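Asker: Here you go, one structure.
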Amino acid sequence: MSAVICPHCRVANCAFETICHCCSGRLPEVAGVKRSADNARETPVAVVLRKQKEARWAARILFGAAGMSALRGVIYPILVAHTPHGAFGNINIDELRIVSYSLAVAFVSLSVLARKTPLLASVIAMMVYLATAVPEAVTGEGLLGRGLISKGVMVLILGRAILSGMYHNMISQ
């Protein structure tokens, strides 16, 4: 692959790039190389704003996951108390509350970290969630006792946070 030298700072860049990765200056066209029309018009300020937007998305998603986890700690005990005995299987309500609120605290902390490193924070959130959810899903009884629907929704939400982190890292600086 050919490289193009930045006329401003003399650093080598990939021929497909339109903006220097070192000084953010415009790079000259290279014969025979097609560049994206979107990247060609994007200013360094626009790149920074797009990166910040993706980081904010990841942080908001993780904060929402914290809210969902805390809500689970409130709603499940109410559901268990108002359903026939055994409908949710053998659930230890105190243990469920501790796990739910601990996850909520962890997700809030990770949402703060996601402002700087959204991919790392999102991957850690997914790993922490799966470390608690998989054993619970395997040992639970019945569909409601295992909470498979809420666990599936949470995995999808955390997957979207990971996607935002990946977009954040893919945006060239």
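We name chains A, B, ... following the order of the structure tokens; residues begin at 1 in each chain, and ligands are numbered from 1 as shown.
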To test your reading of the structure, identify every residue in chain A that backbone DSSP assigns to strand (DSSP E), and report it as JSON, numbers by chain.
Answerer: {"A": [3, 4, 5, 12, 13, 14]}
Asker: With a distance cut-off of 12 Å and only C-alpha atoms, select the neighbouring residues of Met68 in chain A, excluding the residue or stretch itself and same-chain residues fewer than 3 positions from it, and output the selection as a count of residues only.
Answerer: 25
Asker: DSSP on the backbone, then: every residue of chain A marked alpha helix (DSSP H), written as a PyMOL selection string.
Answerer: chain A and resi 37-41+44-81+93-113+118-139+142-146+148-170
Asker: The selected residues should be written to file as a compact mmCIF listing (two decimals), in the first residue's frame (atoms: C-alpha atoms).
Answerer:
```txt
# COMPACT_ATOMS: atom_id res chain seq x y z
CA ALA A 37 -16.55 11.61 -0.18
CA ASP A 38 -17.57 11.91 3.48
CA ASN A 39 -13.99 11.79 4.77
CA ALA A 40 -12.81 14.32 2.20
CA ARG A 41 -15.18 17.01 3.51
CA PRO A 44 -10.73 17.82 12.25
CA VAL A 45 -13.35 19.47 14.47
CA ALA A 46 -16.08 17.31 12.92
CA VAL A 47 -14.01 14.19 13.57
CA VAL A 48 -13.60 15.12 17.24
CA LEU A 49 -17.33 15.81 17.53
CA ARG A 50 -18.20 12.43 16.00
CA LYS A 51 -15.85 10.67 18.41
CA GLN A 52 -17.40 12.53 21.35
CA LYS A 53 -20.89 11.62 20.14
CA GLU A 54 -20.07 7.90 20.06
CA ALA A 55 -18.46 8.10 23.50
CA ARG A 56 -21.58 9.84 24.87
CA TRP A 57 -23.78 7.14 23.33
CA ALA A 58 -21.79 4.38 25.01
CA ALA A 59 -21.92 6.24 28.35
CA ARG A 60 -25.69 6.78 28.09
CA ILE A 61 -26.28 3.15 27.20
CA LEU A 62 -24.24 1.97 30.18
CA PHE A 63 -26.10 4.40 32.44
CA GLY A 64 -29.39 3.02 31.09
CA ALA A 65 -28.16 -0.51 31.80
CA ALA A 66 -27.49 0.60 35.38
CA GLY A 67 -31.06 1.83 35.65
CA MET A 68 -32.40 -1.43 34.26
CA SER A 69 -30.34 -3.43 36.72
CA ALA A 70 -31.54 -1.34 39.67
CA LEU A 71 -35.12 -1.61 38.44
CA ARG A 72 -34.75 -5.38 38.31
CA GLY A 73 -33.77 -5.33 41.99
CA VAL A 74 -37.03 -3.53 42.75
CA ILE A 75 -39.48 -5.28 40.40
CA TYR A 76 -38.50 -8.94 40.79
CA PRO A 77 -39.13 -9.05 44.55
CA ILE A 78 -42.56 -7.49 43.99
CA LEU A 79 -43.36 -10.03 41.26
CA VAL A 80 -42.20 -12.94 43.41
CA ALA A 81 -44.30 -11.73 46.35
CA ILE A 93 -34.62 -12.27 46.94
CA ASP A 94 -31.80 -10.83 49.05
CA GLU A 95 -29.18 -12.31 46.74
CA LEU A 96 -31.04 -10.97 43.70
CA ARG A 97 -31.13 -7.48 45.19
CA ILE A 98 -27.41 -7.54 46.05
CA VAL A 99 -26.45 -8.67 42.55
CA SER A 100 -28.81 -6.19 40.85
CA TYR A 101 -27.68 -3.18 42.86
CA SER A 102 -24.01 -4.15 42.58
CA LEU A 103 -24.37 -4.35 38.80
CA ALA A 104 -26.08 -0.95 38.81
CA VAL A 105 -23.16 0.62 40.70
CA ALA A 106 -20.65 -1.06 38.38
CA PHE A 107 -22.49 0.17 35.28
CA VAL A 108 -22.66 3.74 36.58
CA SER A 109 -18.91 3.66 37.22
CA LEU A 110 -18.29 2.23 33.75
CA SER A 111 -20.50 4.90 32.17
CA VAL A 112 -18.12 7.51 33.57
CA LEU A 113 -15.15 5.60 32.12
CA PRO A 118 -16.02 3.66 25.45
CA LEU A 119 -14.93 0.35 23.95
CA LEU A 120 -12.99 -0.73 27.03
CA ALA A 121 -15.81 0.30 29.38
CA SER A 122 -18.45 -1.46 27.27
CA VAL A 123 -16.50 -4.69 26.99
CA ILE A 124 -15.88 -4.73 30.74
CA ALA A 125 -19.60 -4.12 31.33
CA MET A 126 -20.52 -7.05 29.09
CA MET A 127 -18.01 -9.34 30.78
CA VAL A 128 -19.21 -8.38 34.27
CA TYR A 129 -22.84 -8.85 33.27
CA LEU A 130 -22.23 -12.23 31.65
CA ALA A 131 -20.22 -13.36 34.69
CA THR A 132 -23.32 -12.82 36.83
CA ALA A 133 -26.06 -13.65 34.34
CA VAL A 134 -24.86 -16.96 32.91
CA PRO A 135 -24.65 -18.85 36.23
CA GLU A 136 -28.00 -17.40 37.25
CA ALA A 137 -29.60 -18.44 33.96
CA VAL A 138 -28.19 -21.95 34.15
CA THR A 139 -29.28 -22.60 37.73
CA GLY A 142 -38.36 -22.02 34.32
CA LEU A 143 -38.29 -19.18 31.82
CA LEU A 144 -39.32 -16.51 34.33
CA GLY A 145 -37.03 -17.83 37.06
CA ARG A 146 -34.06 -17.68 34.76
CA LEU A 148 -33.90 -15.11 30.02
CA ILE A 149 -35.92 -12.35 28.38
CA SER A 150 -34.49 -9.57 30.54
CA LYS A 151 -31.00 -11.06 30.22
CA GLY A 152 -31.32 -11.15 26.43
CA VAL A 153 -32.43 -7.52 26.35
CA MET A 154 -29.51 -6.51 28.56
CA VAL A 155 -27.02 -8.36 26.33
CA LEU A 156 -28.44 -6.54 23.28
CA ILE A 157 -28.16 -3.18 25.04
CA LEU A 158 -24.58 -3.83 26.14
CA GLY A 159 -23.79 -5.05 22.62
CA ARG A 160 -24.93 -1.65 21.31
CA ALA A 161 -22.59 0.05 23.76
CA ILE A 162 -19.74 -2.09 22.43
CA LEU A 163 -20.71 -1.08 18.89
CA SER A 164 -20.55 2.60 19.86
CA GLY A 165 -17.10 1.98 21.32
CA MET A 166 -16.01 0.32 18.09
CA TYR A 167 -17.34 3.24 16.03
CA HIS A 168 -15.46 5.60 18.36
CA ASN A 169 -12.20 3.75 17.71
CA MET A 170 -12.80 3.51 13.93
```
Asker: For Gly25 in chain A, find every residue with an atom within 12 Å (counting only C-alpha atoms), except residues of its own chain fewer than 2 positions away, and show them as a list in words.
Answerer: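 Near Gly25 in chain A, the qualifying residues are Ile5, Cys6, Pro7, His8, Cys9, Arg10, Val11, Asn13, Glu17, Thr18, Ile19, Cys20, His21, Cys22, Cys23, Leu27, Pro28, Ala40, Glu42, Thr43, Pro44, Val45 and Gln173 of chain A.
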Asker: Report, in Å to a single decimal, how far apart CA of Phe16 in chain A and CA of Ile171 in chain A are.
Answerer: 13.6 Å
Asker: Between CA of Arg26 in chain A and CA of Ala12 in chain A, measure the distance and give it in Å to one decimal.
Answerer: 12.7 Å
